[in-house]
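> Handing over final39.tsv, TSV, C-alpha atoms and all ligand atoms.
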chain	number	residue	atom	x	y	z
A	1	MET	CA	94.35	85.79	-72.76
A	2	LYS	CA	96.40	84.27	-69.93
A	3	LYS	CA	97.59	86.65	-67.19
A	4	VAL	CA	101.16	87.38	-66.12
A	5	GLY	CA	101.92	86.92	-62.43
A	6	ILE	CA	104.46	89.36	-60.98
A	7	ILE	CA	105.88	88.40	-57.59
A	8	LEU	CA	108.35	90.64	-55.76
A	9	GLY	CA	110.37	89.63	-52.74
A	10	SER	CA	110.02	93.13	-51.30
A	11	ASP	CA	108.44	96.48	-52.08
A	12	SER	CA	112.03	97.73	-52.41
A	13	ASP	CA	112.14	95.79	-55.73
A	14	LEU	CA	109.31	97.91	-57.19
A	15	PRO	CA	111.42	100.67	-58.82
A	16	ILE	CA	113.13	98.05	-61.01
A	17	VAL	CA	109.96	96.05	-61.74
A	18	GLU	CA	108.04	99.14	-62.85
A	19	LYS	CA	109.80	98.90	-66.23
A	20	ALA	CA	108.23	95.45	-66.73
A	21	ILE	CA	104.82	96.81	-65.74
A	22	ALA	CA	105.13	99.65	-68.26
A	23	ILE	CA	105.85	97.17	-71.08
A	24	LEU	CA	102.96	94.87	-70.09
A	25	ASN	CA	100.69	97.93	-70.11
A	26	GLU	CA	102.03	98.98	-73.53
A	27	PHE	CA	101.05	95.54	-74.91
A	28	GLU	CA	97.74	95.54	-72.97
A	29	VAL	CA	98.68	92.26	-71.28
A	30	LYS	CA	96.86	91.65	-68.00
A	31	TYR	CA	98.94	91.06	-64.89
A	32	GLU	CA	98.55	90.62	-61.14
A	33	LEU	CA	101.27	91.78	-58.74
A	34	HIS	CA	102.00	90.54	-55.22
A	35	ILE	CA	104.78	91.04	-52.70
A	36	TYR	CA	105.46	87.51	-51.48
A	37	SER	CA	108.87	86.48	-50.20
A	38	ALA	CA	110.34	82.97	-50.30
A	39	HIS	CA	111.74	83.67	-46.83
A	40	ARG	CA	109.41	86.15	-45.14
A	41	THR	CA	106.02	84.91	-46.44
A	42	PRO	CA	106.70	81.40	-47.78
A	43	GLU	CA	103.12	80.18	-47.29
A	44	GLN	CA	101.67	82.94	-49.49
A	45	ALA	CA	104.32	82.34	-52.16
A	46	LYS	CA	103.54	78.62	-52.14
A	47	GLU	CA	99.77	79.10	-52.28
A	48	PHE	CA	100.06	81.54	-55.19
A	49	SER	CA	102.22	79.21	-57.27
A	50	GLN	CA	100.19	76.08	-56.51
A	51	ASN	CA	96.99	77.80	-57.71
A	52	ALA	CA	98.50	79.89	-60.54
A	53	ARG	CA	97.42	77.67	-63.44
A	54	LYS	CA	93.83	77.32	-62.27
A	55	ASN	CA	93.72	81.07	-61.61
A	56	GLY	CA	94.48	81.85	-65.27
A	57	PHE	CA	98.19	82.65	-65.24
A	58	GLY	CA	100.35	81.68	-68.23
A	59	VAL	CA	103.73	82.83	-66.93
A	60	ILE	CA	105.13	84.19	-63.66
A	61	ILE	CA	107.83	86.86	-63.29
A	62	CYS	CA	109.71	86.79	-59.96
A	63	ALA	CA	111.99	89.60	-58.81
A	64	ALA	CA	114.24	89.21	-55.79
A	65	GLY	CA	117.61	90.33	-54.52
A	66	MET	CA	120.31	89.03	-52.18
A	67	ALA	CA	119.80	85.28	-51.47
A	68	ALA	CA	117.19	85.29	-54.22
A	69	HIS	CA	115.30	82.03	-53.84
A	70	LEU	CA	111.90	83.40	-54.85
A	71	ALA	CA	111.86	82.34	-58.53
A	72	GLY	CA	113.07	78.84	-57.63
A	73	ALA	CA	110.57	78.49	-54.78
A	74	ILE	CA	107.72	79.57	-57.07
A	75	ALA	CA	108.93	77.24	-59.85
A	76	ALA	CA	109.03	74.34	-57.38
A	77	ASN	CA	105.24	74.53	-57.01
A	78	THR	CA	104.07	75.03	-60.61
A	79	THR	CA	104.84	73.91	-64.16
A	80	ILE	CA	103.91	77.35	-65.55
A	81	PRO	CA	107.05	79.03	-67.01
A	82	VAL	CA	108.86	81.15	-64.41
A	83	ILE	CA	111.10	84.10	-65.28
A	84	GLY	CA	113.54	85.31	-62.63
A	85	ILE	CA	114.82	88.89	-62.36
A	86	PRO	CA	117.87	89.07	-60.09
A	87	ILE	CA	117.79	92.43	-58.30
A	88	ASP	CA	120.92	94.41	-57.49
A	89	CYS	CA	120.56	95.38	-53.82
A	90	GLY	CA	123.93	97.14	-53.77
A	91	LYS	CA	125.88	94.18	-52.49
A	92	PHE	CA	128.10	92.31	-54.98
A	93	SER	CA	126.40	94.34	-57.76
A	94	GLY	CA	123.59	91.76	-57.89
A	95	LEU	CA	125.90	88.80	-58.55
A	96	ASP	CA	124.55	87.19	-55.37
A	97	ALA	CA	120.97	87.34	-56.71
A	98	LEU	CA	122.01	86.34	-60.24
A	99	LEU	CA	123.67	83.12	-59.07
A	100	SER	CA	120.86	82.34	-56.61
A	101	THR	CA	118.28	82.72	-59.39
A	102	VAL	CA	120.07	81.13	-62.34
A	103	GLN	CA	121.70	78.08	-60.73
A	104	MET	CA	118.61	75.88	-60.59
A	105	PRO	CA	118.89	72.10	-60.37
A	106	THR	CA	117.65	70.04	-63.34
A	107	GLY	CA	113.91	69.50	-63.18
A	108	ILE	CA	112.91	72.94	-61.89
A	109	PRO	CA	113.77	75.48	-64.62
A	110	VAL	CA	113.84	79.26	-64.13
A	111	ALA	CA	114.43	81.48	-67.18
A	112	THR	CA	116.76	84.06	-65.68
A	113	VAL	CA	117.22	87.49	-67.28
A	114	ALA	CA	120.05	89.96	-66.61
A	115	VAL	CA	120.53	91.66	-63.24
A	116	ASN	CA	117.70	94.24	-63.04
A	117	GLY	CA	116.55	93.00	-66.49
A	118	ALA	CA	112.88	93.81	-65.98
A	119	GLY	CA	112.34	94.91	-69.58
A	120	ASN	CA	113.43	91.60	-71.04
A	121	ALA	CA	111.45	89.74	-68.36
A	122	ALA	CA	108.28	91.47	-69.56
A	123	LEU	CA	109.07	90.90	-73.24
A	124	LEU	CA	109.83	87.22	-72.63
A	125	ALA	CA	106.58	86.85	-70.67
A	126	ILE	CA	104.68	88.47	-73.57
A	127	GLN	CA	106.43	86.16	-76.06
A	128	ILE	CA	105.31	83.13	-74.00
A	129	ILE	CA	101.70	84.36	-73.93
A	130	ALA	CA	101.92	85.20	-77.67
A	131	VAL	CA	102.62	81.57	-78.61
A	132	GLU	CA	98.83	81.09	-78.54
A	133	ASP	CA	97.83	84.67	-79.45
A	134	LYS	CA	98.26	85.85	-83.05
A	135	VAL	CA	97.37	89.52	-82.36
A	136	LEU	CA	99.93	89.75	-79.56
A	137	ALA	CA	102.55	88.08	-81.77
A	138	GLU	CA	101.91	90.71	-84.46
A	139	LYS	CA	102.39	93.48	-81.86
A	140	LEU	CA	105.73	91.93	-80.88
A	141	ASP	CA	106.83	91.81	-84.53
A	142	ALA	CA	105.81	95.46	-84.98
A	143	LYS	CA	107.84	96.49	-81.92
A	144	ARG	CA	110.92	94.69	-83.26
A	145	ILE	CA	110.62	96.57	-86.56
A	146	ALA	CA	110.13	99.91	-84.75
A	147	ASP	CA	113.12	99.24	-82.45
A	148	THR	CA	115.32	98.34	-85.43
A	149	LYS	CA	114.30	101.57	-87.17
A	150	LYS	CA	115.26	103.62	-84.08
A	151	VAL	CA	118.74	102.04	-83.94
A	152	LEU	CA	119.31	102.65	-87.65
A	153	GLU	CA	118.24	106.29	-87.26
A	154	LYS	CA	120.84	106.69	-84.49
A	155	SER	CA	123.42	105.02	-86.73
A	156	ALA	CA	122.63	107.45	-89.54
A	157	ILE	CA	123.21	110.42	-87.19
A	158	ALA	CA	126.54	108.95	-85.97
A	159	GLU	CA	127.60	108.09	-89.54
A	160	GLU	CA	126.86	111.66	-90.66
A	161	LYS	CA	128.95	113.07	-87.78
A	162	TYR	CA	131.99	110.75	-87.87
A	163	ASN	CA	132.33	109.30	-91.40
A	164	LYS	CA	134.00	112.28	-93.08
A	201	LIG	C1	114.91	90.17	-51.09
A	201	LIG	O1	115.72	90.92	-50.25
A	201	LIG	C2	113.99	91.15	-51.74
A	201	LIG	O2	113.58	90.65	-52.98
A	201	LIG	C3	114.83	92.39	-51.88
A	201	LIG	O3	115.44	92.48	-53.15
A	201	LIG	C4	115.92	92.20	-50.82
A	201	LIG	C5	115.89	93.26	-49.75
A	201	LIG	O4	114.60	93.38	-49.23
A	201	LIG	P1	114.24	94.58	-48.22
A	201	LIG	O5	115.09	94.38	-47.00
A	201	LIG	O6	114.54	95.86	-48.95
A	201	LIG	O7	112.76	94.43	-47.91
A	201	LIG	O8	114.19	89.21	-50.42
Please express the file's structure as structure tokens.


Amino acid sequence: MKKVGIILGSDSDLPIVEKAIAILNEFEVKYELHIYSAHRTPEQAKEFSQNARKNGFGVIICAAGMAAHLAGAIAANTTIPVIGIPIDCGKFSGLDALLSTVQMPTGIPVATVAVNGAGNAALLAIQIIAVEDKVLAEKLDAKRIADTKKVLEKSAIAEEKYNK
């Protein structure tokens, strides 16, 4: 199975990204995490992305806040799918990072999830890996069914309380 790369612009992004790690663990998908910044350690970020395909990665998740150029900088050096998580650093409620991550020029795509959307970043990464992995695809289908059941159980409780 291909690995998921997880690149964070700073260790201060870890509390948000831990949700993605928990989901990857739940699905037993292998990952490798690094703290490489597009601005503070550009050489390491470049080297990682240039070698990602030959090192067995199938998708890369990038989390960064503020002037969040990390996902775009990683995507510039690989044709592996890149998922960007804009991080809310308390300024502009993360709108700065959202726009910096999502507004990529044609030719260098970044699949951007919601501000702090680490859960969906992990699920999307798993879906990309599952294109070529039947067992993983079945696990994703099972999770959808379980999630739907949970919502309907909550609906039943609310219906019982309010629909007199
Ligand atoms: C970004 O700047 C990082 O991804 C982080 O979200 C933000 C702040 O970094 P620190 O100053 O907390 O290291 O590059």

> With distances taken over all atoms listed in the file, which of A:Ile35, A:Ala142, A:Ile128, A:Leu70 is nearest to Pro86 of chain A?

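The closest residue to Pro86 of chain A is A:Leu70.
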
> Taking 2 positions as the minimum chain separation for residues in the same chain, which residues sit within 9 Å of Ile6 of chain A when counting only C-alpha atoms? Answer as a list in words.

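Non-adjacent residues within range: Val4, Leu8, Val17, Ile21, Tyr31, Glu32, Leu33, His34, Ile35, Val59, Ile60, Ile61, Cys62 and Ala63 of chain A.
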
> In Å, how far is it from atom CA of Asn51 of chain A to atom CA of Val82 of chain A?

14.0 Å

> Find the residues near segment 39-44 of chain A: any atom within 12 Å, counting all atoms listed in the file, skip ones fewer than 6 places away on the same chain, and give them as a ChimeraX atom specification.

/A:7-10,50-52,64-74,77

> Quick one: of A:Lys149, A:Lys91, A:Arg53, A:Lys143, who's nearest to ligand LIG 201 (chain A), counting only C-alpha atoms and all ligand atoms?

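Once distances to ligand LIG 201 (chain A) are computed over only C-alpha atoms and all ligand atoms, the minimum belongs to A:Lys91.
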
> So, counting all atoms listed in the file, which residue among A:Ala122, A:Ile85, A:Ala111, A:Val29 is closest to ligand LIG 201 (chain A)?

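Checking each of A:Ala122, A:Ile85, A:Ala111, A:Val29 against ligand LIG 201 (chain A), counting all atoms listed in the file, the winner is A:Ile85.
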
> Using all atoms listed in the file, pick whichever of A:Val102, A:Leu24, A:Ala76, A:Ile87 has the shortest atom-to-atom distance to ligand LIG 201 (chain A).

A:Ile87

> My list of candidates is A:Ser49, A:Ser100, A:Thr78, A:Asn25. Which is closest to ligand LIG 201 (chain A) when distances are computed with all atoms listed in the file?

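Smallest separation from ligand LIG 201 (chain A) among the options: A:Ser100.
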
> Could you tell me how far atom CA of Pro81 of chain A sits from atom CA of Ala130 of chain A, in Å to one decimal place?

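Rounded to one decimal, the two atoms are 13.3 Å apart.
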
> Measuring between only C-alpha atoms and all ligand atoms, which one of A:Lys46, A:Val110, A:Leu98, A:Ala75 shows the shortest distance to ligand LIG 201 (chain A)?

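Under the stated criterion, the closest residue is A:Leu98.
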
> What is the distance between atom CA of Val151 of chain A and atom CA of Ser93 of chain A, in Å to one decimal?

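So the two atoms, atom CA of Val151 of chain A and atom CA of Ser93 of chain A, lie 28.3 Å apart.
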
> Generate a file for segment 7-19 of chain A, containing all heavy atoms, as a short mmCIF file (atom, residue, chain, number, x, y, z; two decimals), in the first residue's frame.


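The resulting out04.cif:
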data_model
loop_
_atom_site.label_atom_id
_atom_site.label_comp_id
_atom_site.auth_asym_id
_atom_site.auth_seq_id
_atom_site.Cartn_x
_atom_site.Cartn_y
_atom_site.Cartn_z
N ILE A 7 2.93 16.74 5.94
CA ILE A 7 3.91 17.81 6.13
C ILE A 7 3.23 18.97 6.85
O ILE A 7 2.17 19.43 6.43
CB ILE A 7 4.49 18.30 4.78
CG1 ILE A 7 4.93 17.12 3.90
CG2 ILE A 7 5.64 19.27 5.01
CD1 ILE A 7 6.05 16.30 4.46
N LEU A 8 3.85 19.41 7.94
CA LEU A 8 3.32 20.53 8.72
C LEU A 8 4.29 21.70 8.62
O LEU A 8 5.52 21.50 8.71
CB LEU A 8 3.22 20.15 10.20
CG LEU A 8 2.12 19.21 10.66
CD1 LEU A 8 2.32 17.81 10.12
CD2 LEU A 8 2.10 19.16 12.17
N GLY A 9 3.74 22.90 8.51
CA GLY A 9 4.59 24.07 8.46
C GLY A 9 5.26 24.38 9.79
O GLY A 9 6.30 25.03 9.84
N SER A 10 4.64 23.88 10.87
CA SER A 10 5.18 24.16 12.21
C SER A 10 4.66 23.11 13.18
O SER A 10 3.59 22.52 12.96
CB SER A 10 4.72 25.55 12.67
OG SER A 10 4.96 25.72 14.05
N ASP A 11 5.39 22.89 14.27
CA ASP A 11 4.87 21.98 15.29
C ASP A 11 3.62 22.54 15.94
O ASP A 11 2.84 21.81 16.55
CB ASP A 11 5.94 21.64 16.34
CG ASP A 11 6.44 22.86 17.09
OD1 ASP A 11 6.21 24.00 16.62
OD2 ASP A 11 7.06 22.70 18.15
N SER A 12 3.39 23.85 15.79
CA SER A 12 2.16 24.43 16.36
C SER A 12 0.91 23.97 15.59
O SER A 12 -0.21 24.17 16.06
CB SER A 12 2.23 25.97 16.38
OG SER A 12 2.28 26.49 15.07
N ASP A 13 1.09 23.34 14.42
CA ASP A 13 -0.04 22.81 13.65
C ASP A 13 -0.45 21.41 14.14
O ASP A 13 -1.49 20.89 13.75
CB ASP A 13 0.31 22.71 12.15
CG ASP A 13 0.68 24.06 11.56
OD1 ASP A 13 0.06 25.07 11.95
OD2 ASP A 13 1.59 24.11 10.70
N LEU A 14 0.39 20.80 14.98
CA LEU A 14 0.16 19.40 15.39
C LEU A 14 -1.21 19.14 16.05
O LEU A 14 -1.85 18.14 15.73
CB LEU A 14 1.27 18.94 16.33
CG LEU A 14 2.43 18.19 15.67
CD1 LEU A 14 3.55 17.94 16.67
CD2 LEU A 14 1.96 16.85 15.09
N PRO A 15 -1.67 20.01 16.97
CA PRO A 15 -2.95 19.70 17.62
C PRO A 15 -4.11 19.52 16.63
O PRO A 15 -4.99 18.68 16.85
CB PRO A 15 -3.19 20.93 18.52
CG PRO A 15 -1.81 21.45 18.79
CD PRO A 15 -1.02 21.19 17.54
N ILE A 16 -4.09 20.27 15.53
CA ILE A 16 -5.14 20.11 14.51
C ILE A 16 -4.90 18.83 13.71
O ILE A 16 -5.82 18.05 13.45
CB ILE A 16 -5.17 21.33 13.56
CG1 ILE A 16 -5.56 22.61 14.32
CG2 ILE A 16 -6.11 21.09 12.38
CD1 ILE A 16 -6.95 22.60 14.92
N VAL A 17 -3.65 18.58 13.34
CA VAL A 17 -3.33 17.46 12.44
C VAL A 17 -3.49 16.11 13.14
O VAL A 17 -3.67 15.08 12.49
CB VAL A 17 -1.90 17.64 11.86
CG1 VAL A 17 -1.48 16.45 11.02
CG2 VAL A 17 -1.86 18.91 11.01
N GLU A 18 -3.48 16.12 14.47
CA GLU A 18 -3.63 14.84 15.19
C GLU A 18 -4.94 14.12 14.85
O GLU A 18 -5.01 12.90 14.87
CB GLU A 18 -3.47 15.05 16.69
CG GLU A 18 -2.01 14.84 17.07
CD GLU A 18 -1.62 15.36 18.43
OE1 GLU A 18 -2.51 15.72 19.21
OE2 GLU A 18 -0.40 15.41 18.69
N LYS A 19 -5.97 14.87 14.49
CA LYS A 19 -7.24 14.24 14.09
C LYS A 19 -7.03 13.40 12.81
O LYS A 19 -7.58 12.30 12.68
CB LYS A 19 -8.30 15.31 13.86
CG LYS A 19 -9.59 14.75 13.36
CD LYS A 19 -10.79 15.56 13.76
CE LYS A 19 -12.05 14.72 13.54
NZ LYS A 19 -13.26 15.49 13.52
#
